[in-house]
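To be precise, the following lines are final.cif, and they hold mmCIF, C-alpha atoms and all ligand atoms.
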data_model
#
loop_
_atom_site.group_PDB
_atom_site.id
_atom_site.type_symbol
_atom_site.label_atom_id
_atom_site.label_comp_id
_atom_site.auth_asym_id
_atom_site.auth_seq_id
_atom_site.Cartn_x
_atom_site.Cartn_y
_atom_site.Cartn_z
ATOM 1 C CA MET A 24 11.469 9.703 -13.892
ATOM 2 C CA LYS A 25 11.903 8.822 -10.255
ATOM 3 C CA LEU A 26 8.893 8.236 -8.031
ATOM 4 C CA ILE A 27 9.410 9.745 -4.560
ATOM 5 C CA ASN A 28 7.945 7.154 -2.221
ATOM 6 C CA GLY A 29 6.310 8.970 0.705
ATOM 7 C CA THR A 30 5.231 5.770 2.407
ATOM 8 C CA GLU A 31 8.818 4.520 2.537
ATOM 9 C CA ILE A 32 10.281 7.849 3.695
ATOM 10 C CA ALA A 33 7.519 8.204 6.316
ATOM 11 C CA ALA A 34 8.463 4.746 7.640
ATOM 12 C CA LYS A 35 12.024 5.983 8.098
ATOM 13 C CA VAL A 36 10.771 9.033 10.024
ATOM 14 C CA HIS A 37 8.535 6.810 12.162
ATOM 15 C CA ALA A 38 11.527 4.617 13.021
ATOM 16 C CA GLU A 39 13.430 7.701 14.234
ATOM 17 C CA THR A 40 10.370 8.828 16.192
ATOM 18 C CA ALA A 41 9.959 5.386 17.773
ATOM 19 C CA ALA A 42 13.565 5.518 19.014
ATOM 20 C CA ARG A 43 12.956 8.963 20.546
ATOM 21 C CA ILE A 44 9.783 7.687 22.223
ATOM 22 C CA ALA A 45 11.699 4.737 23.682
ATOM 23 C CA ALA A 46 14.292 7.153 25.099
ATOM 24 C CA LEU A 47 11.549 9.259 26.696
ATOM 25 C CA GLN A 48 9.791 6.219 28.094
ATOM 26 C CA SER A 49 13.005 5.026 29.722
ATOM 27 C CA ARG A 50 12.851 8.309 31.626
ATOM 28 C CA GLY A 51 9.219 7.660 32.574
ATOM 29 C CA LEU A 52 7.646 10.034 30.036
ATOM 30 C CA THR A 53 5.041 8.988 27.474
ATOM 31 C CA PRO A 54 4.287 11.591 24.769
ATOM 32 C CA GLY A 55 0.584 12.463 24.563
ATOM 33 C CA LEU A 56 -1.401 13.778 21.593
ATOM 34 C CA ALA A 57 -4.984 15.053 21.550
ATOM 35 C CA VAL A 58 -6.674 15.117 18.152
ATOM 36 C CA VAL A 59 -9.915 17.088 17.956
ATOM 37 C CA LEU A 60 -12.474 16.852 15.158
ATOM 38 C CA VAL A 61 -15.612 18.976 15.050
ATOM 39 C CA GLY A 62 -18.304 17.870 12.622
ATOM 40 C CA ASP A 63 -18.570 14.968 10.226
ATOM 41 C CA ASP A 64 -16.653 15.883 7.090
ATOM 42 C CA PRO A 65 -15.715 12.444 5.725
ATOM 43 C CA ALA A 66 -12.191 13.398 4.606
ATOM 44 C CA SER A 67 -11.380 15.119 7.929
ATOM 45 C CA ARG A 68 -12.729 12.111 9.795
ATOM 46 C CA ALA A 69 -10.447 9.820 7.788
ATOM 47 C CA TYR A 70 -7.398 12.039 8.487
ATOM 48 C CA VAL A 71 -8.153 12.179 12.216
ATOM 49 C CA ARG A 72 -8.566 8.390 12.363
ATOM 50 C CA SER A 73 -5.210 7.790 10.697
ATOM 51 C CA LYS A 74 -3.448 10.301 12.973
ATOM 52 C CA ASP A 75 -4.937 8.654 16.073
ATOM 53 C CA LYS A 76 -4.132 5.155 14.802
ATOM 54 C CA ARG A 77 -0.523 5.956 13.931
ATOM 55 C CA ALA A 78 0.051 7.659 17.280
ATOM 56 C CA ALA A 79 -1.256 4.605 19.141
ATOM 57 C CA GLU A 80 0.945 2.278 17.042
ATOM 58 C CA LEU A 81 4.016 4.302 17.992
ATOM 59 C CA GLY A 82 3.184 4.152 21.691
ATOM 60 C CA ILE A 83 2.037 7.772 21.907
ATOM 61 C CA HIS A 84 -0.795 8.281 24.411
ATOM 62 C CA SER A 85 -3.431 9.306 21.866
ATOM 63 C CA VAL A 86 -6.784 10.817 22.766
ATOM 64 C CA LYS A 87 -9.329 11.443 20.037
ATOM 65 C CA HIS A 88 -12.180 13.920 20.593
ATOM 66 C CA GLU A 89 -14.868 13.606 17.914
ATOM 67 C CA LEU A 90 -17.384 16.375 18.584
ATOM 68 C CA PRO A 91 -20.726 16.964 16.846
ATOM 69 C CA ALA A 92 -21.073 19.709 14.218
ATOM 70 C CA THR A 93 -23.327 21.557 16.682
ATOM 71 C CA THR A 94 -20.459 22.057 19.159
ATOM 72 C CA THR A 95 -20.277 25.706 20.189
ATOM 73 C CA GLN A 96 -17.225 27.912 20.156
ATOM 74 C CA ALA A 97 -17.384 28.081 23.964
ATOM 75 C CA GLU A 98 -17.485 24.282 24.295
ATOM 76 C CA LEU A 99 -14.502 23.911 22.007
ATOM 77 C CA LEU A 100 -12.555 26.593 23.886
ATOM 78 C CA ALA A 101 -13.358 24.819 27.160
ATOM 79 C CA LEU A 102 -11.964 21.546 25.773
ATOM 80 C CA ILE A 103 -8.784 23.293 24.646
ATOM 81 C CA ALA A 104 -8.358 24.875 28.084
ATOM 82 C CA ARG A 105 -8.612 21.386 29.632
ATOM 83 C CA LEU A 106 -6.067 19.963 27.168
ATOM 84 C CA ASN A 107 -3.693 22.905 27.743
ATOM 85 C CA ALA A 108 -3.773 22.137 31.463
ATOM 86 C CA ASP A 109 -3.420 18.347 31.093
ATOM 87 C CA PRO A 110 0.213 17.293 31.796
ATOM 88 C CA ALA A 111 -0.329 13.965 29.955
ATOM 89 C CA ILE A 112 -1.021 15.867 26.713
ATOM 90 C CA HIS A 113 2.002 17.369 24.914
ATOM 91 C CA GLY A 114 0.434 18.023 21.530
ATOM 92 C CA ILE A 115 -2.995 19.392 20.563
ATOM 93 C CA LEU A 116 -4.402 19.332 17.049
ATOM 94 C CA VAL A 117 -7.786 20.662 15.957
ATOM 95 C CA GLN A 118 -8.521 19.347 12.487
ATOM 96 C CA SER A 119 -9.045 22.100 9.936
ATOM 97 C CA PRO A 120 -11.418 23.276 8.591
ATOM 98 C CA PRO A 121 -13.961 23.398 11.434
ATOM 99 C CA PRO A 122 -17.675 24.068 10.781
ATOM 100 C CA LYS A 123 -18.476 27.609 9.631
ATOM 101 C CA HIS A 124 -19.858 28.839 12.974
ATOM 102 C CA ILE A 125 -16.460 28.206 14.620
ATOM 103 C CA ASP A 126 -13.916 31.052 14.581
ATOM 104 C CA GLU A 127 -10.833 29.051 13.659
ATOM 105 C CA ALA A 128 -8.367 31.862 14.392
ATOM 106 C CA ALA A 129 -9.701 32.166 17.951
ATOM 107 C CA ILE A 130 -9.377 28.411 18.456
ATOM 108 C CA VAL A 131 -5.787 28.362 17.225
ATOM 109 C CA LEU A 132 -4.968 31.326 19.469
ATOM 110 C CA ALA A 133 -6.321 29.438 22.492
ATOM 111 C CA ILE A 134 -3.906 26.517 22.065
ATOM 112 C CA ASP A 135 -0.771 26.718 24.205
ATOM 113 C CA PRO A 136 1.998 27.444 21.628
ATOM 114 C CA ALA A 137 4.188 24.829 23.361
ATOM 115 C CA LYS A 138 1.501 22.211 22.539
ATOM 116 C CA ASP A 139 0.690 23.551 19.055
ATOM 117 C CA VAL A 140 2.178 20.637 17.098
ATOM 118 C CA ASP A 141 0.400 21.900 13.945
ATOM 119 C CA GLY A 142 2.480 25.090 14.026
ATOM 120 C CA PHE A 143 -0.619 27.240 13.381
ATOM 121 C CA HIS A 144 -0.437 29.528 16.449
ATOM 122 C CA PRO A 145 0.795 33.076 15.651
ATOM 123 C CA VAL A 146 3.773 32.563 17.995
ATOM 124 C CA ASN A 147 4.884 29.538 15.968
ATOM 125 C CA VAL A 148 4.173 31.253 12.644
ATOM 126 C CA ALA A 149 6.389 34.137 13.802
ATOM 127 C CA LYS A 150 9.144 31.802 14.978
ATOM 128 C CA LEU A 151 9.255 30.171 11.540
ATOM 129 C CA ALA A 152 9.501 33.592 9.889
ATOM 130 C CA LEU A 153 12.203 34.608 12.389
ATOM 131 C CA ASP A 154 14.317 31.444 11.866
ATOM 132 C CA ASP A 155 13.778 30.643 15.552
ATOM 133 C CA PRO A 156 14.043 26.837 15.815
ATOM 134 C CA THR A 157 12.202 26.649 19.165
ATOM 135 C CA GLY A 158 8.763 26.760 17.519
ATOM 136 C CA PHE A 159 6.724 24.185 15.623
ATOM 137 C CA VAL A 160 6.523 24.063 11.833
ATOM 138 C CA PRO A 161 3.307 22.930 10.070
ATOM 139 C CA CYS A 162 3.480 19.210 9.325
ATOM 140 C CA THR A 163 2.677 19.169 5.608
ATOM 141 C CA PRO A 164 5.370 21.613 4.414
ATOM 142 C CA LEU A 165 7.846 20.058 6.855
ATOM 143 C CA GLY A 166 7.051 16.684 5.277
ATOM 144 C CA CYS A 167 7.512 18.092 1.755
ATOM 145 C CA GLN A 168 10.929 19.449 2.692
ATOM 146 C CA ARG A 169 11.923 16.077 4.127
ATOM 147 C CA LEU A 170 10.773 14.345 0.916
ATOM 148 C CA LEU A 171 13.076 16.623 -1.071
ATOM 149 C CA THR A 172 16.115 16.049 1.137
ATOM 150 C CA GLU A 173 15.532 12.299 1.378
ATOM 151 C CA ALA A 174 15.179 12.083 -2.407
ATOM 152 C CA GLY A 175 18.529 13.866 -2.767
ATOM 153 C CA VAL A 176 17.051 16.941 -4.436
ATOM 154 C CA LYS A 177 19.383 19.929 -4.210
ATOM 155 C CA THR A 178 17.365 22.925 -3.044
ATOM 156 C CA SER A 179 20.268 25.346 -2.623
ATOM 157 C CA GLY A 180 20.164 27.882 -5.447
ATOM 158 C CA ALA A 181 17.232 26.108 -7.072
ATOM 159 C CA ARG A 182 14.202 27.973 -8.339
ATOM 160 C CA ALA A 183 11.245 26.760 -6.319
ATOM 161 C CA VAL A 184 7.682 27.714 -7.161
ATOM 162 C CA VAL A 185 5.043 27.178 -4.491
ATOM 163 C CA LEU A 186 1.599 27.039 -6.065
ATOM 164 C CA GLY A 187 -0.842 27.992 -3.295
ATOM 165 C CA ARG A 188 -0.707 30.528 -0.454
ATOM 166 C CA SER A 189 -2.527 28.837 2.421
ATOM 167 C CA MET A 190 -1.501 29.200 6.050
ATOM 168 C CA ILE A 191 -1.300 25.388 6.309
ATOM 169 C CA VAL A 192 0.937 24.728 3.297
ATOM 170 C CA GLY A 193 1.880 27.496 0.839
ATOM 171 C CA LYS A 194 3.186 30.224 3.157
ATOM 172 C CA PRO A 195 5.148 27.999 5.549
ATOM 173 C CA MET A 196 6.463 25.982 2.581
ATOM 174 C CA ALA A 197 7.886 29.133 1.024
ATOM 175 C CA LEU A 198 9.507 30.148 4.338
ATOM 176 C CA LEU A 199 11.120 26.705 4.741
ATOM 177 C CA LEU A 200 12.517 26.634 1.211
ATOM 178 C CA MET A 201 13.945 30.158 1.418
ATOM 179 C CA ALA A 202 15.468 29.731 4.890
ATOM 180 C CA LYS A 203 19.204 29.284 5.299
ATOM 181 C CA SER A 204 19.931 25.561 5.341
ATOM 182 C CA THR A 205 21.252 24.294 8.684
ATOM 183 C CA ALA A 206 22.494 20.905 9.852
ATOM 184 C CA GLU A 207 19.234 20.451 11.772
ATOM 185 C CA ARG A 208 17.088 21.587 8.879
ATOM 186 C CA PRO A 209 18.592 21.087 5.431
ATOM 187 C CA GLY A 210 16.539 21.728 2.301
ATOM 188 C CA GLY A 211 16.558 25.529 2.226
ATOM 189 C CA ASP A 212 18.511 28.195 0.316
ATOM 190 C CA ALA A 213 16.117 28.088 -2.642
ATOM 191 C CA THR A 214 14.924 31.070 -4.662
ATOM 192 C CA VAL A 215 11.208 31.005 -3.992
ATOM 193 C CA THR A 216 8.215 32.302 -5.920
ATOM 194 C CA ILE A 217 4.704 31.991 -4.516
ATOM 195 C CA ALA A 218 2.075 31.696 -7.214
ATOM 196 C CA HIS A 219 -1.677 31.277 -6.841
ATOM 197 C CA SER A 220 -5.014 31.365 -8.621
ATOM 198 C CA ARG A 221 -4.641 35.093 -9.442
ATOM 199 C CA THR A 222 -1.093 34.918 -10.795
ATOM 200 C CA ARG A 223 -0.855 36.385 -14.290
ATOM 201 C CA ASP A 224 0.503 33.965 -16.919
ATOM 202 C CA LEU A 225 0.692 31.221 -14.318
ATOM 203 C CA ALA A 226 2.083 28.567 -16.667
ATOM 204 C CA ALA A 227 5.064 30.785 -17.517
ATOM 205 C CA VAL A 228 5.796 31.155 -13.793
ATOM 206 C CA THR A 229 5.479 27.456 -12.929
ATOM 207 C CA ARG A 230 7.610 26.525 -15.969
ATOM 208 C CA GLU A 231 10.502 28.376 -14.306
ATOM 209 C CA ALA A 232 10.464 25.927 -11.427
ATOM 210 C CA ASP A 233 13.251 23.449 -10.805
ATOM 211 C CA ILE A 234 11.107 22.417 -7.846
ATOM 212 C CA LEU A 235 7.324 22.807 -8.068
ATOM 213 C CA ILE A 236 5.173 22.423 -4.964
ATOM 214 C CA ALA A 237 1.529 22.034 -5.988
ATOM 215 C CA ALA A 238 -0.776 23.036 -3.129
ATOM 216 C CA ILE A 239 -3.664 24.833 -4.792
ATOM 217 C CA GLY A 240 -6.385 22.347 -3.818
ATOM 218 C CA ARG A 241 -7.803 21.759 -7.283
ATOM 219 C CA PRO A 242 -7.816 18.293 -8.813
ATOM 220 C CA GLU A 243 -5.255 17.791 -11.615
ATOM 221 C CA PHE A 244 -4.762 21.558 -11.965
ATOM 222 C CA VAL A 245 -1.093 21.336 -12.958
ATOM 223 C CA THR A 246 -0.877 20.192 -16.544
ATOM 224 C CA ALA A 247 2.140 19.148 -18.613
ATOM 225 C CA ASP A 248 2.512 22.566 -20.284
ATOM 226 C CA MET A 249 3.059 24.122 -16.830
ATOM 227 C CA VAL A 250 6.099 21.991 -15.980
ATOM 228 C CA ARG A 251 9.619 22.195 -17.354
ATOM 229 C CA ASP A 252 11.493 19.076 -18.451
ATOM 230 C CA GLY A 253 13.513 17.689 -15.576
ATOM 231 C CA ALA A 254 11.569 19.447 -12.786
ATOM 232 C CA VAL A 255 10.945 17.915 -9.376
ATOM 233 C CA VAL A 256 7.231 18.007 -8.525
ATOM 234 C CA ILE A 257 5.761 17.620 -5.044
ATOM 235 C CA ASP A 258 1.990 17.132 -5.176
ATOM 236 C CA VAL A 259 0.304 18.209 -1.935
ATOM 237 C CA GLY A 260 -3.250 17.809 -3.227
ATOM 238 C CA ILE A 261 -5.574 15.129 -1.905
ATOM 239 C CA ASN A 262 -8.823 15.544 -3.828
ATOM 240 C CA ARG A 263 -11.724 13.117 -3.879
ATOM 241 C CA VAL A 264 -13.218 12.869 -7.359
ATOM 242 C CA ASP A 265 -16.325 10.825 -8.168
ATOM 243 C CA ASP A 266 -15.534 7.489 -9.744
ATOM 244 C CA LEU A 267 -18.476 5.153 -10.151
ATOM 245 C CA ILE A 268 -16.302 2.096 -10.748
ATOM 246 C CA ALA A 269 -14.086 2.703 -7.680
ATOM 247 C CA PRO A 270 -15.047 0.604 -4.631
ATOM 248 C CA LYS A 271 -15.797 3.711 -2.514
ATOM 249 C CA GLY A 272 -17.443 5.675 -5.333
ATOM 250 C CA TYR A 273 -14.504 8.078 -5.483
ATOM 251 C CA ARG A 274 -10.772 8.051 -6.077
ATOM 252 C CA LEU A 275 -8.001 10.318 -4.833
ATOM 253 C CA VAL A 276 -6.158 12.587 -7.230
ATOM 254 C CA GLY A 277 -3.552 15.229 -6.558
ATOM 255 C CA ASP A 278 -3.276 18.815 -7.757
ATOM 256 C CA VAL A 279 -1.126 17.496 -10.609
ATOM 257 C CA ASP A 280 -2.247 15.728 -13.780
ATOM 258 C CA PHE A 281 0.102 12.884 -12.875
ATOM 259 C CA GLN A 282 -0.262 10.822 -16.025
ATOM 260 C CA ASN A 283 0.847 13.615 -18.338
ATOM 261 C CA VAL A 284 3.217 15.471 -16.004
ATOM 262 C CA ALA A 285 5.196 12.523 -14.585
ATOM 263 C CA PRO A 286 7.002 11.627 -17.853
ATOM 264 C CA LYS A 287 8.551 15.136 -17.959
ATOM 265 C CA CYS A 288 9.814 15.093 -14.369
ATOM 266 C CA ALA A 289 13.150 14.180 -12.849
ATOM 267 C CA ALA A 290 11.146 13.133 -9.798
ATOM 268 C CA ILE A 291 7.535 13.364 -8.628
ATOM 269 C CA THR A 292 5.400 12.282 -5.681
ATOM 270 C CA PRO A 293 2.355 10.068 -6.257
ATOM 271 C CA VAL A 294 -1.125 10.606 -4.742
ATOM 272 C CA PRO A 295 -1.801 8.699 -2.588
ATOM 273 C CA GLY A 296 1.520 7.578 -1.108
ATOM 274 C CA GLY A 297 3.449 10.832 -1.434
ATOM 275 C CA VAL A 298 2.929 13.820 0.851
ATOM 276 C CA GLY A 299 0.000 12.329 2.826
ATOM 277 C CA PRO A 300 1.995 9.805 4.890
ATOM 278 C CA MET A 301 4.653 12.476 5.539
ATOM 279 C CA THR A 302 2.147 14.874 7.129
ATOM 280 C CA ILE A 303 1.315 12.225 9.706
ATOM 281 C CA ALA A 304 4.988 11.337 10.213
ATOM 282 C CA MET A 305 5.909 14.960 10.924
ATOM 283 C CA LEU A 306 2.948 15.320 13.303
ATOM 284 C CA MET A 307 4.241 12.380 15.323
ATOM 285 C CA ALA A 308 7.759 13.849 15.286
ATOM 286 C CA ASN A 309 6.454 17.269 16.410
ATOM 287 C CA THR A 310 4.492 15.625 19.233
ATOM 288 C CA VAL A 311 7.625 13.867 20.472
ATOM 289 C CA THR A 312 9.556 17.156 20.223
ATOM 290 C CA ALA A 313 6.874 18.799 22.394
ATOM 291 C CA ALA A 314 7.254 16.040 24.994
ATOM 292 C CA GLU A 315 11.075 16.231 24.873
ATOM 293 C CA ARG A 316 10.926 19.968 25.548
ATOM 294 C CA THR A 317 8.924 19.417 28.753
ATOM 295 C CA ALA A 318 11.602 16.966 29.938
ATOM 296 C CA ALA A 319 14.615 19.120 29.075
HETATM 297 N N1 LIG B 401 -6.282 20.092 7.563
HETATM 298 C C1 LIG B 401 -5.520 19.828 6.489
HETATM 299 N N2 LIG B 401 -4.229 19.654 6.859
HETATM 300 C C2 LIG B 401 -4.201 19.816 8.201
HETATM 301 C C3 LIG B 401 -3.145 19.762 9.172
HETATM 302 O O1 LIG B 401 -1.977 19.543 8.886
HETATM 303 N N3 LIG B 401 -3.524 19.979 10.447
HETATM 304 C C4 LIG B 401 -4.806 20.246 10.801
HETATM 305 N N4 LIG B 401 -5.081 20.456 12.084
HETATM 306 N N5 LIG B 401 -5.794 20.321 9.930
HETATM 307 C C5 LIG B 401 -5.484 20.099 8.638
#
Would you write the structure of this file as structure tokens?
Amino acid sequence: MKLINGTEIAAKVHAETAARIAALQSRGLTPGLAVVLVGDDPASRAYVRSKDKRAAELGIHSVKHELPATTTQAELLALIARLNADPAIHGILVQSPPPKHIDEAAIVLAIDPAKDVDGFHPVNVAKLALDDPTGFVPCTPLGCQRLLTEAGVKTSGARAVVLGRSMIVGKPMALLLMAKSTAERPGGDATVTIAHSRTRDLAAVTREADILIAAIGRPEFVTADMVRDGAVVIDVGINRVDDLIAPKGYRLVGDVDFQNVAPKCAAITPVPGGVGPMTIAMLMANTVTAAERTAA
């Protein structure tokens, strides 16, 4: 069993991104990223902090907006309008999920698609479906694809099962894996099945997978009987489970029962240290792409 080291692969992506930032800066352009958090969900707050911190470390002009849970839809839309109009900001990210009184679809629609480094705007969703490379692809599935290619996993002709159908991970992941591989974006040409919580005889479906992407958002949901010997497993889950002896009172587990699944796998990602660092790495890369496009 090979452990796919997301921290190491993310460092490689960051090195590429740093070189691109240096090239932009030599032309007098500093990429800018605005990260917006509404409310005080502890996990979202932690994600936003690490995005902001990594951006600053890379020399991206990073602006963090932490807004109270009482922020109105109109206030949030007004902030997005300001960020859309700000030439120092190339990428805008509103951390999902927002509080319940916020209409997330309306917020996403308000972001300038050219600054939508999350790839959530309908224009960017359509571009992914249309194989149009001028859009932005959501960071987590893009990071999963990069993990596969960096680990030397052959996707072409492989049976890939994506467990989960979210707009953030499952759907774009399936589109990426089924797309024709290109020089710019290898890691496609797979035969893709999307499975989810309502799939009949789920274990039989996931056992078909040469490549299993677990993105169902339930701690340790994927058990050993659901995985074929020699499969490659990418665990997208980041779940906090109570653990009284852990320093923070919780520990992080993935969507995969790692201890029992890992011995069966050809390769698997750990949690933490797998997909998580890659999401941030791809966000930084998308932000630099957004800046490069304004300079082209
Ligand atoms: N929530 C979970 N993943 C993401 C992500 O990639 N982007 C945003 N904006 N919110 C998220």
(message) For the provided coordinates, the residues matched by the PyMOL selection byres (((not hetatm)) within 7 of (chain B and resi 401)) should be stated as an MDAnalysis selection string.
(response) chainID A and resid 116:120 141 161:163 191 302
Using 12 Å as the limit and counting all atoms listed in the file, can you tabulate each residue of stretch 123-218 of chain A that touches stretch 58-74 of chain A, with its shortest atom-to-atom distance in Å and the two atoms involved, as a Markdown table?
| residue | atom | partner | partner_atom | distance |
| --- | --- | --- | --- | --- |
| A:Lys123 | CA | A:Gly62 | CA | 10.2 |
| A:His124 | CA | A:Val61 | CA | 10.9 |
| A:Ile125 | CA | A:Val61 | CA | 9.3 |
| A:Glu127 | CA | A:Val61 | CA | 11.2 |
| A:Ile130 | CA | A:Val59 | CA | 11.3 |
| A:Ile134 | CA | A:Val59 | CA | 11.9 |
| A:Lys138 | CA | A:Val58 | CA | 11.7 |
| A:Asp139 | CA | A:Val58 | CA | 11.2 |
| A:Val140 | CA | A:Val58 | CA | 10.5 |
| A:Asp141 | CA | A:Val58 | CA | 10.7 |
| A:Cys162 | CA | A:Lys74 | CA | 11.9 |
With C-alpha atoms retained, write the just-selected residues as a PDB file, keeping the file's coordinate frame.
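As written to disk, selection.pdb reads:
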ATOM      1  CA  LYS A 123     -18.476  27.609   9.631  1.00  0.00           C
ATOM      2  CA  HIS A 124     -19.858  28.839  12.974  1.00  0.00           C
ATOM      3  CA  ILE A 125     -16.460  28.206  14.620  1.00  0.00           C
ATOM      4  CA  GLU A 127     -10.833  29.051  13.659  1.00  0.00           C
ATOM      5  CA  ILE A 130      -9.377  28.411  18.456  1.00  0.00           C
ATOM      6  CA  ILE A 134      -3.906  26.517  22.065  1.00  0.00           C
ATOM      7  CA  LYS A 138       1.501  22.211  22.539  1.00  0.00           C
ATOM      8  CA  ASP A 139       0.690  23.551  19.055  1.00  0.00           C
ATOM      9  CA  VAL A 140       2.178  20.637  17.098  1.00  0.00           C
ATOM     10  CA  ASP A 141       0.400  21.900  13.945  1.00  0.00           C
ATOM     11  CA  CYS A 162       3.480  19.210   9.325  1.00  0.00           C
TER      12      CYS A 162
END
(request) Given the file shown, enumerate the residues that the PyMOL selection byres (((chain A and resi 240-253) around 8) and not hetatm) captures and present them as a VMD selection string. (result) chain A and resid 187 225 to 227 229 to 233 237 to 239 254 to 255 260 to 262 264 276 to 281 283 to 284 287 to 290
(message) Using all atoms listed in the file, list the residues that have an atom at most 8 Å from (6.2, 21.4, -7.1), coordinates as in the file, as a PyMOL selection string.
(response) chain A and resi 183-186+232+234-237+255-258
(request) Run through the PyMOL selection byres (((chain A and resi 213-222) around 9) and not hetatm) on the given coordinates and return the selected residues as number ranges by chain. (result) A: 177-188, 193-194, 197-198, 200-203, 210-212, 223-225, 228-229, 232, 239
